[in-house]
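K.L.:
Quick one: this structure, given as structure tokens, is what I'll be asking you about.
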Amino acid sequence: MTYQSSQETEKTVIPFYRDERVLRFAAQIISAVLIFAFLIWAVLNFLRAADARNMTLTFGFLKEAAGFPISNPPIEYNPAMSFGRAFLVGLVNTLIVSGVGIVTATILGTLVALARLSSNWMLSRMALVFIEFHRNIPLLVLLFIWYFVVFGFLPPEKESLIWPGPIFIARRGVYISWPRLTETGNIFIILFGIGILSAFIAFFILRRIRQDTGKNTYFIPVSLGLLIVFFLAGWFLAGGSPFQIDTPYLKGFNFQGGMRLTPEFAGMYLSLSLYTAAFIAEVVRGGIQAVSKGQIEAARAVGLTQYQVLSLIVMPQALRIIIPPMISQYLNLTKNSSLALAIGFQEVFAVGKIAINQAGRAVPVFALIMLTYLSLSLLTSLILNVYNRRIQFVVR
Amino acid sequence: MAIKEYEGDVIRPPQPPSFLKWIRENLFSSVLNSILTIVLLPVVLFLIYQVFIWVILGANWKAVTQFPMLFAVGQYPRDQLWRVGFILSGLIFILGVSWGRWGGLLRSISLAAGGFLLVIAVLPVQHPSLTLNMRIYLGSNLLIALIGYLIGNKTSIKGYLIIIAWILIPIVGVVLLAGFKSSSMIPAVQTTLWGGLLVTFLLAAGGIVLSFPLGVALAFGRRSSLPVVSAFSTVFIEVIRGVPLVTILFMFSIILSLFLPVESRIDRLVRALMAVTFFSAAYSAENVRGGLQSVPQGQIEAAKALGMGNFKTTIFIVLPQALRAVLPAIVGQFISLFKDTTLVVIIGINDFLGIGRSIINSDPEFVQLRTEVYIFMALVYWIFSYLMSLGSRRIESALGVESNL
Amino acid sequence: MNISEPIIKCRGVHKWFGDFQALKGIDIDVYEGEVIVIFGPSGSGKSTFIRTINRLEEHQQGEIVVDGIELTHDVRNIELIRMETGMVFQQFNLFPHLTVLQNITLAPIWVRNWPRNKAEDKAIELLNLVGIPEQAQKFPGNLSGGQQQRVAIARALAMEPKIMLFDEPTSALDPEMIKEVLDTMIDLAKSGMTMIVVTHEMGFAREVADRMYFFDEGRIVETGTPDEIYKEPKEDRTKLFLSQILHH
């Protein structure tokens, strides 16, 4: 132990290798140098290799003709159109299958969660089987089972299965009778739209008045009534037939009319929805169970009805817990749609892969694909962060 | 007021409900429940019956039963299988030693592994792959596990030696599998020949072991006060988490070689392993980061006040508490990794799923039998995955960690 | 150590948190074997001050010398000072994943490089000293608050520090457990340990303190022996504070 009197310490210079400020600063510099050196080395390698193989690194190729077909495009497409257009087709496919998948998974997942929480042992066990089945098998295996096994053994169009609807199920697709708007249908749509809008407005305004003044404004019957009135008005004004059911009919070997879901889309949609629904079920169940019993007891003690307890006390608290992981599952679903490559569903990743095979522009195509997914992810993260900040409350 | 004496029988705790009572409470407790039960019960029974009939009578398992070796090791040369056997037995041995030393869950795992192989060994069926030698080998593994147990339990072998063995055996194993070009005893075997469960387990185990430390490093990097390190880690984590695994796999497949010096060539399997590792590491990093945030500042202050430096504080105080707090999430990520290994099918690697598909596509007869093959593979994946979650739950309860779901 | 030199010397210690000045020129000398009690209203800087001594907080101006070692940006000095000072926290801060014995032996083994046997013997000895030898294999979560704090004291003592720092050691304890911890601290004081204690426990101060310091708004308002402070507090603020805490 060194003895230093106070006069000497003022003049002591700390050796730099022991000075904590120097050490901190040095760590910054060294880490920066190391990381940048690594990045530069990688980029240099890259440029050299790209040069050697004459690779295009720009996005200019997007304007060139794609030259490859895409089966069953959701928007207008032919091989003479540009790569950019092909990409858009893929993107639309991704968004459609993800969007519909998310909606289905949410509804189904919530139902399964409620079933799991049910007091009926049979229902609860069935939900458990559903959840455990889908949580433990890889999504790709599930996808293959749906696409190759379930859809693979479907009969040809001439002998298609007929479900109520009518819906025709055959090996080249699922053909659904789908309502089509007639000429008078526009009136109905407009009126119904007004009806929905006015019902919403009435609901919120009248409910607010009820909360502020305590006067009973019957906001539920009124808004429902508005909805029904406008619905009926629209229906009658459209001559009683705003919609016409477009039934698929067999012409030769194929079906015409109705809405056609390709086996690729159907396989992707079903496996994604069911798989994600199982995870969502667990999230919802966890959220509901996390609302402590004490809350429900206190709410009952104050005299709230069953419905009020659910809507005013349980759901808001459960939702706070449920929403972040739920959104995370939505994101997973969207990313998982890239598995479509394995069954030939032409979403954005599959299209990209074809583009690379055709035109060899691996780097810009990859950059584009990654950018797409990253934008979706970052957008979702942003929404999540905003939501989290707004709903934060302190729990003691 | 006088206190009344209770004059009845001795009060007993409630008995578990009789069967009839249980049915009444759980299936028919309300009108709604009764209706549900009446509607669902026949449906469920019908479904179970149909499945049963199909499995026993309707299904033709030929596509599966004809190729057990393909499913197990792919196209690994049949005369070199001793290497696979060597590694397998080595692992079972060290598992037994670990069981002897530490007990607990390891006992179930060791006995299950050894027992399972024994069951296969004594199966009363004829099969070209199930030679007498094979049967003897398979059955002996239970014995190997037990010998390991004795060594672990009865000798005073040091814990860290066992850990070192756990690290060495896989490394030696992989080298052994790959072989050497010039050797005649251990000739080189191209990784393109490796397949089936061998590849699946290699990717899963390798991925888990490698991604975890990388994830911990990334978590610390993200929390670092050095801005460059923090930024780099954050970008790395967020980019990887924002894109699908397929993208990363293809990136490593196609683009990686562009970032390395021109002459280098990395084996396809290694590239897949790297992709899976990096992917999982980013997710583990976020889990670990959550754990790190949960360690109270006071813990670090107490360690510092005792004279412990940053490194020691992290190793002894922060990490143990952080990891314990997020153990369920970490193990969940490992299980996901195992399931994600199936994606290597898309880049043409013949893992367990890939072998199944190859078999299906190899013969028109097998194309018709694809249902059986897919069901078989789904079952295998499901069993492993389920066992892992079971194990994870037991570890959590042993450590006293709470899981939310 | 020169007896006439204080073991802790603080001159003109200032500390800022951003724009807020927590310490406004503190001068304190502590001699070996002395027990110093620091008291005052919350926010007065007493915790901040005691934490600057072992560098849990960094002082921006002034001089702090502990056992002849000056507290500067020199990491080696900081390390040496931390080995010579032991700290007991208001929230105990025991390591929940280690047993009581492991909590105590961790630092001696890994910082002082003691062999395990020596560390464990010392730990048992200290557990006997604080009165709870039977808890050695338990985890902190299974102990009462008073027991945990006593383990914390043993843990700090295991490093054989010259100075013990106490940051409101009994403030987080249920009333019935305060006595057991204070008794331990009194024994420690009587054995000759140099102690700086931030506390409201005036009974403790009267029994063993050599000097008391009253902190308010980052400054030392008054100092003296316990008798002086109680019987004739000179400053109004001191009088006010004493009246508030002595009559609750």
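Residue numbering restarts at 1 in every chain; chains get A, B, ... in the order shown in the structure tokens, and ligands count up from 1 in that same order.
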Got a sec: who's within 9 Å of Gln149 of chain C, counting only C-alpha atoms, leaving out chain neighbours fewer than 6 positions off, as a ChimeraX atom specification?

P.N.:
/C:88-94,169-170,173,181

K.L.:
When you look at Leu246 of chain C with a cut-off of 10 Å (counting only C-alpha atoms), what residues show up, excluding the ones that are within fewer than 4 positions of it in the same chain? I need them as a list of chain:residue names.

P.N.:
C:His200, C:Glu201, C:Met202, C:Phe241, C:Leu242

K.L.:
Put those residues in a file: C-alpha atoms, as a PDB file, in the first residue's frame.

P.N.:
```
ATOM      1  CA  HIS C 200     -32.077   7.898  11.520  1.00  0.00           C
ATOM      2  CA  GLU C 201     -31.578   5.598  14.496  1.00  0.00           C
ATOM      3  CA  MET C 202     -30.663   8.105  17.146  1.00  0.00           C
ATOM      4  CA  PHE C 241     -34.970  18.135  12.204  1.00  0.00           C
ATOM      5  CA  LEU C 242     -34.310  16.604  15.599  1.00  0.00           C
TER       6      LEU C 242
END
```

K.L.:
Using only C-alpha atoms, determine which residues lie at most 8 Å from Asp67 of chain C, disregarding the query and same-chain residues fewer than 6 positions distant; provide the list as a PyMOL selection string.

P.N.:
chain C and resi 6-8+81

K.L.:
With a distance threshold of 9 Å and counting only C-alpha atoms, extract the residues of chain C near chain A and express them as a list in words.

P.N.:
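Going by the stated atoms only, the list reads Met1, Val65, Asp67, Gly68, Ile69, Glu70, Thr72, His73, Asp74, Val75, Arg76, Asn77 and Leu80 of chain C.
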
K.L.:
Mind dumping the selected residues with all heavy atoms as a JSON list (two decimals), in the first residue's frame?

P.N.:
```json
[["chain", "number", "residue", "atom", "x", "y", "z"],
["C", 1, "MET", "N", 0.15, 2.95, 9.80],
["C", 1, "MET", "CA", -0.69, 4.13, 9.61],
["C", 1, "MET", "C", -0.40, 5.13, 10.72],
["C", 1, "MET", "O", -0.42, 4.79, 11.89],
["C", 1, "MET", "CB", -2.16, 3.70, 9.63],
["C", 1, "MET", "CG", -3.13, 4.84, 9.35],
["C", 1, "MET", "SD", -3.15, 5.29, 7.63],
["C", 1, "MET", "CE", -3.33, 7.03, 7.71],
["C", 65, "VAL", "N", -9.41, 11.04, 0.27],
["C", 65, "VAL", "CA", -8.28, 10.12, 0.46],
["C", 65, "VAL", "C", -8.71, 9.05, 1.47],
["C", 65, "VAL", "O", -9.15, 9.37, 2.57],
["C", 65, "VAL", "CB", -7.04, 10.86, 1.01],
["C", 65, "VAL", "CG1", -5.88, 9.89, 1.14],
["C", 65, "VAL", "CG2", -6.67, 12.01, 0.08],
["C", 67, "ASP", "N", -7.45, 5.77, 3.51],
["C", 67, "ASP", "CA", -6.31, 4.96, 3.93],
["C", 67, "ASP", "C", -5.07, 5.32, 3.13],
["C", 67, "ASP", "O", -4.30, 4.45, 2.72],
["C", 67, "ASP", "CB", -6.64, 3.47, 3.77],
["C", 67, "ASP", "CG", -5.70, 2.58, 4.57],
["C", 67, "ASP", "OD1", -5.05, 3.10, 5.50],
["C", 67, "ASP", "OD2", -5.58, 1.39, 4.24],
["C", 68, "GLY", "N", -4.86, 6.60, 2.90],
["C", 68, "GLY", "CA", -3.67, 7.04, 2.20],
["C", 68, "GLY", "C", -3.78, 6.94, 0.69],
["C", 68, "GLY", "O", -2.90, 7.37, -0.04],
["C", 69, "ILE", "N", -4.83, 6.38, 0.17],
["C", 69, "ILE", "CA", -4.97, 6.26, -1.28],
["C", 69, "ILE", "C", -5.94, 7.33, -1.76],
["C", 69, "ILE", "O", -7.06, 7.43, -1.23],
["C", 69, "ILE", "CB", -5.55, 4.88, -1.67],
["C", 69, "ILE", "CG1", -4.75, 3.76, -1.01],
["C", 69, "ILE", "CG2", -5.57, 4.70, -3.17],
["C", 69, "ILE", "CD1", -5.42, 2.42, -1.12],
["C", 70, "GLU", "N", -5.49, 8.10, -2.75],
["C", 70, "GLU", "CA", -6.38, 9.13, -3.22],
["C", 70, "GLU", "C", -7.37, 8.59, -4.23],
["C", 70, "GLU", "O", -7.02, 7.76, -5.08],
["C", 70, "GLU", "CB", -5.60, 10.28, -3.85],
["C", 70, "GLU", "CG", -6.53, 11.44, -4.20],
["C", 70, "GLU", "CD", -5.82, 12.58, -4.89],
["C", 70, "GLU", "OE1", -4.58, 12.54, -4.98],
["C", 70, "GLU", "OE2", -6.53, 13.50, -5.34],
["C", 72, "THR", "N", -9.15, 8.88, -7.35],
["C", 72, "THR", "CA", -9.13, 9.65, -8.58],
["C", 72, "THR", "C", -9.64, 8.74, -9.71],
["C", 72, "THR", "O", -10.28, 7.74, -9.46],
["C", 72, "THR", "CB", -7.69, 10.06, -8.94],
["C", 72, "THR", "OG1", -6.93, 8.86, -9.11],
["C", 72, "THR", "CG2", -7.08, 10.91, -7.86],
["C", 73, "HIS", "N", -9.31, 9.13, -10.93],
["C", 73, "HIS", "CA", -9.72, 8.30, -12.06],
["C", 73, "HIS", "C", -8.85, 7.07, -12.22],
["C", 73, "HIS", "O", -9.02, 6.31, -13.16],
["C", 73, "HIS", "CB", -9.67, 9.12, -13.34],
["C", 73, "HIS", "CG", -10.72, 10.19, -13.38],
["C", 73, "HIS", "ND1", -12.05, 9.90, -13.52],
["C", 73, "HIS", "CD2", -10.64, 11.53, -13.28],
["C", 73, "HIS", "CE1", -12.74, 11.02, -13.50],
["C", 73, "HIS", "NE2", -11.92, 12.04, -13.35],
["C", 74, "ASP", "N", -7.91, 6.90, -11.33],
["C", 74, "ASP", "CA", -6.99, 5.77, -11.43],
["C", 74, "ASP", "C", -7.73, 4.49, -11.04],
["C", 74, "ASP", "O", -8.14, 4.33, -9.89],
["C", 74, "ASP", "CB", -5.81, 6.02, -10.49],
["C", 74, "ASP", "CG", -4.71, 5.00, -10.70],
["C", 74, "ASP", "OD1", -5.00, 3.88, -11.20],
["C", 74, "ASP", "OD2", -3.56, 5.31, -10.37],
["C", 75, "VAL", "N", -7.89, 3.59, -11.99],
["C", 75, "VAL", "CA", -8.70, 2.41, -11.71],
["C", 75, "VAL", "C", -8.08, 1.53, -10.64],
["C", 75, "VAL", "O", -8.77, 0.85, -9.89],
["C", 75, "VAL", "CB", -8.97, 1.56, -12.98],
["C", 75, "VAL", "CG1", -9.84, 2.31, -13.95],
["C", 75, "VAL", "CG2", -7.70, 1.14, -13.63],
["C", 76, "ARG", "N", -6.75, 1.57, -10.55],
["C", 76, "ARG", "CA", -6.13, 0.72, -9.53],
["C", 76, "ARG", "C", -6.42, 1.26, -8.15],
["C", 76, "ARG", "O", -6.72, 0.50, -7.22],
["C", 76, "ARG", "CB", -4.62, 0.65, -9.76],
["C", 76, "ARG", "CG", -4.01, -0.53, -8.99],
["C", 76, "ARG", "CD", -2.52, -0.54, -9.08],
["C", 76, "ARG", "NE", -1.96, 0.61, -8.38],
["C", 76, "ARG", "CZ", -0.68, 0.75, -8.13],
["C", 76, "ARG", "NH1", 0.17, -0.18, -8.50],
["C", 76, "ARG", "NH2", -0.22, 1.81, -7.52],
["C", 77, "ASN", "N", -6.41, 2.58, -8.01],
["C", 77, "ASN", "CA", -6.75, 3.17, -6.73],
["C", 77, "ASN", "C", -8.17, 2.83, -6.34],
["C", 77, "ASN", "O", -8.47, 2.50, -5.19],
["C", 77, "ASN", "CB", -6.59, 4.70, -6.77],
["C", 77, "ASN", "CG", -5.12, 5.10, -6.69],
["C", 77, "ASN", "OD1", -4.25, 4.24, -6.73],
["C", 77, "ASN", "ND2", -4.86, 6.38, -6.56],
["C", 80, "LEU", "N", -8.31, -0.66, -5.10],
["C", 80, "LEU", "CA", -7.73, -0.82, -3.77],
["C", 80, "LEU", "C", -8.66, -0.28, -2.70],
["C", 80, "LEU", "O", -8.86, -0.89, -1.65],
["C", 80, "LEU", "CB", -6.38, -0.10, -3.70],
["C", 80, "LEU", "CG", -5.25, -0.74, -4.50],
["C", 80, "LEU", "CD1", -4.04, 0.18, -4.52],
["C", 80, "LEU", "CD2", -4.88, -2.08, -3.89]]
```

K.L.:
Should the cut-off be 6 Å, what would the residue list for chain B against chain A look like, counting only C-alpha atoms, as a ChimeraX atom specification?

P.N.:
/B:26-27,33,226,228,242-244,258-261,339,371,381-382,385,405

K.L.:
Could you work out which residues of chain B fall inside 8 Å of chain C? Count only C-alpha atoms, and format the result as a list in words.

P.N.:
Gly298, Gln299, Glu301, Ala302, Lys304, Ala305, Leu306, Gly307, Met308, Gly309, Ile317, Pro320 and Gln321 of chain B

K.L.:
Please, could you write that set of residues out with N, CA, C and O atoms as a short mmCIF file (atom, residue, chain, number, x, y, z; two decimals), in the first residue's frame?

P.N.:
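out-v8.cif was written with the following content:
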```cif
data_model
loop_
_atom_site.label_atom_id
_atom_site.label_comp_id
_atom_site.auth_asym_id
_atom_site.auth_seq_id
_atom_site.Cartn_x
_atom_site.Cartn_y
_atom_site.Cartn_z
N GLY B 298 -28.88 -2.62 -7.79
CA GLY B 298 -28.26 -2.85 -6.49
C GLY B 298 -27.34 -4.05 -6.48
O GLY B 298 -26.35 -4.08 -5.76
N GLN B 299 -27.66 -5.07 -7.29
CA GLN B 299 -26.81 -6.25 -7.35
C GLN B 299 -25.41 -5.88 -7.85
O GLN B 299 -24.39 -6.32 -7.32
N GLU B 301 -24.08 -2.91 -7.78
CA GLU B 301 -23.41 -2.03 -6.80
C GLU B 301 -22.80 -2.86 -5.68
O GLU B 301 -21.68 -2.60 -5.24
N ALA B 302 -23.55 -3.85 -5.21
CA ALA B 302 -23.03 -4.68 -4.13
C ALA B 302 -21.76 -5.39 -4.57
O ALA B 302 -20.77 -5.46 -3.84
N LYS B 304 -19.68 -4.45 -6.93
CA LYS B 304 -18.59 -3.48 -7.06
C LYS B 304 -18.05 -3.09 -5.70
O LYS B 304 -16.84 -2.98 -5.51
N ALA B 305 -18.97 -2.90 -4.74
CA ALA B 305 -18.53 -2.50 -3.41
C ALA B 305 -17.63 -3.56 -2.78
O ALA B 305 -16.77 -3.26 -1.95
N LEU B 306 -17.84 -4.82 -3.18
CA LEU B 306 -17.00 -5.89 -2.66
C LEU B 306 -15.65 -5.94 -3.37
O LEU B 306 -14.80 -6.76 -3.03
N GLY B 307 -15.47 -5.10 -4.38
CA GLY B 307 -14.20 -5.08 -5.07
C GLY B 307 -14.19 -5.87 -6.36
O GLY B 307 -13.14 -6.04 -6.98
N MET B 308 -15.33 -6.37 -6.79
CA MET B 308 -15.36 -7.14 -8.03
C MET B 308 -15.40 -6.21 -9.23
O MET B 308 -16.14 -5.24 -9.26
N GLY B 309 -14.58 -6.53 -10.22
CA GLY B 309 -14.54 -5.71 -11.43
C GLY B 309 -15.70 -6.04 -12.35
O GLY B 309 -16.51 -6.89 -12.06
N ILE B 317 -22.55 -12.56 -11.06
CA ILE B 317 -23.75 -11.97 -10.49
C ILE B 317 -24.82 -11.67 -11.53
O ILE B 317 -25.97 -12.06 -11.39
N PRO B 320 -25.91 -15.06 -14.24
CA PRO B 320 -26.75 -16.12 -13.67
C PRO B 320 -28.18 -15.65 -13.41
O PRO B 320 -29.13 -16.36 -13.73
N GLN B 321 -28.32 -14.45 -12.88
CA GLN B 321 -29.67 -13.96 -12.60
C GLN B 321 -30.42 -13.64 -13.88
O GLN B 321 -31.61 -13.94 -13.99
#
```

K.L.:
Could you list, as a count of residues only, every residue within 9 Å of Tyr31 of chain C, counting only C-alpha atoms and ignoring same-chain residues fewer than 3 positions away?

P.N.:
10

K.L.:
When you look at Phe17 of chain C with a cut-off of 10 Å (counting only C-alpha atoms), what residues show up, excluding the ones that are within fewer than 4 positions of it in the same chain? I need them as number ranges by chain.

P.N.:
C: 21-23, 57-60

K.L.:
Within segment 20-194 of chain C, find each residue whose DSSP state, derived from the backbone, is strand (DSSP E), and express the selection as a CSV table (one decimal) with N, CA, C and O atoms, in the first residue's frame.

P.N.:
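part27.csv was written with the following content:
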```csv
chain,number,residue,atom,x,y,z
C,20,PHE,N,-28.0,19.7,-11.1
C,20,PHE,CA,-28.4,19.7,-9.7
C,20,PHE,C,-27.1,19.4,-8.8
C,20,PHE,O,-26.4,18.4,-9.1
C,21,GLN,N,-26.8,20.2,-7.9
C,21,GLN,CA,-25.7,20.0,-7.0
C,21,GLN,C,-26.1,19.3,-5.8
C,21,GLN,O,-26.8,19.8,-5.0
C,22,ALA,N,-25.6,18.0,-5.6
C,22,ALA,CA,-26.0,17.2,-4.5
C,22,ALA,C,-25.0,17.4,-3.3
C,22,ALA,O,-25.5,17.4,-2.1
C,23,LEU,N,-23.8,17.7,-3.6
C,23,LEU,CA,-22.8,17.9,-2.5
C,23,LEU,C,-22.1,19.3,-2.7
C,23,LEU,O,-21.6,19.5,-3.8
C,24,LYS,N,-22.2,20.1,-1.7
C,24,LYS,CA,-21.7,21.5,-1.9
C,24,LYS,C,-20.5,21.8,-1.0
C,24,LYS,O,-20.5,22.6,-0.2
C,25,GLY,N,-19.4,21.0,-1.2
C,25,GLY,CA,-18.2,21.3,-0.4
C,25,GLY,C,-18.2,20.6,1.0
C,25,GLY,O,-18.5,21.2,2.0
C,26,ILE,N,-18.0,19.3,1.0
C,26,ILE,CA,-18.0,18.6,2.2
C,26,ILE,C,-16.6,18.4,2.7
C,26,ILE,O,-15.7,18.0,2.0
C,27,ASP,N,-16.4,18.7,4.0
C,27,ASP,CA,-15.1,18.5,4.7
C,27,ASP,C,-15.3,17.6,5.8
C,27,ASP,O,-16.0,17.9,6.8
C,28,ILE,N,-14.7,16.4,5.8
C,28,ILE,CA,-14.9,15.5,6.9
C,28,ILE,C,-13.6,14.7,7.1
C,28,ILE,O,-12.9,14.3,6.1
C,29,ASP,N,-13.2,14.6,8.4
C,29,ASP,CA,-12.0,13.7,8.7
C,29,ASP,C,-12.5,12.6,9.6
C,29,ASP,O,-13.3,12.8,10.5
C,30,VAL,N,-12.2,11.4,9.2
C,30,VAL,CA,-12.5,10.2,10.1
C,30,VAL,C,-11.2,9.5,10.5
C,30,VAL,O,-10.4,9.2,9.7
C,35,VAL,N,-16.5,6.0,15.1
C,35,VAL,CA,-17.9,5.7,14.5
C,35,VAL,C,-18.5,7.0,14.2
C,35,VAL,O,-18.8,7.8,15.1
C,36,ILE,N,-18.8,7.3,12.9
C,36,ILE,CA,-19.4,8.5,12.5
C,36,ILE,C,-20.8,8.3,12.1
C,36,ILE,O,-21.1,7.4,11.3
C,37,VAL,N,-21.8,9.1,12.6
C,37,VAL,CA,-23.1,8.9,12.1
C,37,VAL,C,-23.5,10.2,11.3
C,37,VAL,O,-23.3,11.3,11.8
C,38,ILE,N,-24.1,10.0,10.2
C,38,ILE,CA,-24.5,11.1,9.3
C,38,ILE,C,-26.0,11.0,9.3
C,38,ILE,O,-26.6,10.0,9.0
C,39,PHE,N,-26.7,12.1,9.6
C,39,PHE,CA,-28.1,12.1,9.5
C,39,PHE,C,-28.6,13.4,8.8
C,39,PHE,O,-27.9,14.3,8.6
C,61,GLN,N,-15.4,17.4,-7.9
C,61,GLN,CA,-14.5,18.4,-7.4
C,61,GLN,C,-14.1,18.1,-6.0
C,61,GLN,O,-15.0,17.5,-5.2
C,62,GLY,N,-12.9,18.4,-5.6
C,62,GLY,CA,-12.5,18.1,-4.2
C,62,GLY,C,-11.6,16.9,-4.1
C,62,GLY,O,-11.3,16.2,-5.1
C,63,GLU,N,-11.3,16.6,-2.9
C,63,GLU,CA,-10.3,15.5,-2.7
C,63,GLU,C,-10.8,14.5,-1.7
C,63,GLU,O,-11.4,14.9,-0.6
C,64,ILE,N,-10.7,13.2,-2.0
C,64,ILE,CA,-11.1,12.2,-1.1
C,64,ILE,C,-9.9,11.2,-1.0
C,64,ILE,O,-9.4,10.7,-2.0
C,65,VAL,N,-9.4,11.0,0.3
C,65,VAL,CA,-8.3,10.1,0.5
C,65,VAL,C,-8.7,9.1,1.5
C,65,VAL,O,-9.1,9.4,2.6
C,66,VAL,N,-8.6,7.8,1.1
C,66,VAL,CA,-9.0,6.7,1.9
C,66,VAL,C,-7.8,5.8,2.2
C,66,VAL,O,-7.2,5.3,1.3
C,69,ILE,N,-4.8,6.4,0.2
C,69,ILE,CA,-5.0,6.3,-1.3
C,69,ILE,C,-5.9,7.3,-1.8
C,69,ILE,O,-7.1,7.4,-1.2
C,70,GLU,N,-5.5,8.1,-2.7
C,70,GLU,CA,-6.4,9.1,-3.2
C,70,GLU,C,-7.4,8.6,-4.2
C,70,GLU,O,-7.0,7.8,-5.1
C,85,THR,N,-12.8,-0.9,1.8
C,85,THR,CA,-14.1,-0.5,2.4
C,85,THR,C,-15.1,-1.5,2.2
C,85,THR,O,-15.2,-2.2,1.1
C,86,GLY,N,-16.0,-1.7,3.2
C,86,GLY,CA,-17.1,-2.6,3.0
C,86,GLY,C,-18.4,-1.8,3.0
C,86,GLY,O,-18.4,-0.8,3.8
C,87,MET,N,-19.4,-2.2,2.3
C,87,MET,CA,-20.6,-1.4,2.3
C,87,MET,C,-21.8,-2.3,2.6
C,87,MET,O,-21.9,-3.4,2.0
C,88,VAL,N,-22.7,-1.8,3.4
C,88,VAL,CA,-24.0,-2.4,3.7
C,88,VAL,C,-25.1,-1.5,3.2
C,88,VAL,O,-25.2,-0.4,3.5
C,163,ILE,N,-12.6,-0.1,6.8
C,163,ILE,CA,-13.7,0.9,7.0
C,163,ILE,C,-15.0,0.2,6.6
C,163,ILE,O,-15.1,-0.4,5.6
C,164,MET,N,-16.1,0.4,7.4
C,164,MET,CA,-17.4,-0.1,7.0
C,164,MET,C,-18.3,1.0,6.8
C,164,MET,O,-18.5,1.9,7.6
C,165,LEU,N,-19.0,1.0,5.6
C,165,LEU,CA,-19.9,2.1,5.2
C,165,LEU,C,-21.3,1.5,5.3
C,165,LEU,O,-21.6,0.5,4.8
C,166,PHE,N,-22.2,2.2,6.0
C,166,PHE,CA,-23.6,1.7,6.1
C,166,PHE,C,-24.5,2.8,5.6
C,166,PHE,O,-24.6,3.9,6.1
C,167,ASP,N,-25.3,2.4,4.5
C,167,ASP,CA,-26.2,3.4,3.9
C,167,ASP,C,-27.7,3.0,4.3
C,167,ASP,O,-28.3,2.2,3.7
C,194,THR,N,-13.7,1.0,12.2
C,194,THR,CA,-14.1,2.4,11.7
C,194,THR,C,-15.4,2.3,10.9
C,194,THR,O,-15.5,1.5,10.0
```

K.L.:
Any idea what the distance is between atom CA of Gly354 of chain B and atom CA of Thr342 of chain B?

P.N.:
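Taking atom CA of Gly354 of chain B as the start and atom CA of Thr342 of chain B as the end point, the length is 7.9 Å.
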
K.L.:
Which of segment 217-263 of chain A counts as helix (DSSP H, G or I) under DSSP, as a list in words please?

P.N.:
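DSSP on the backbone gives helix (DSSP H, G or I) at Phe219, Ile220, Pro221, Val222, Ser223, Leu224, Gly225, Leu226, Leu227, Ile228, Val229, Phe230, Phe231, Leu232, Ala233, Gly234, Trp235, Phe236, Leu237 and Pro263 of chain A.
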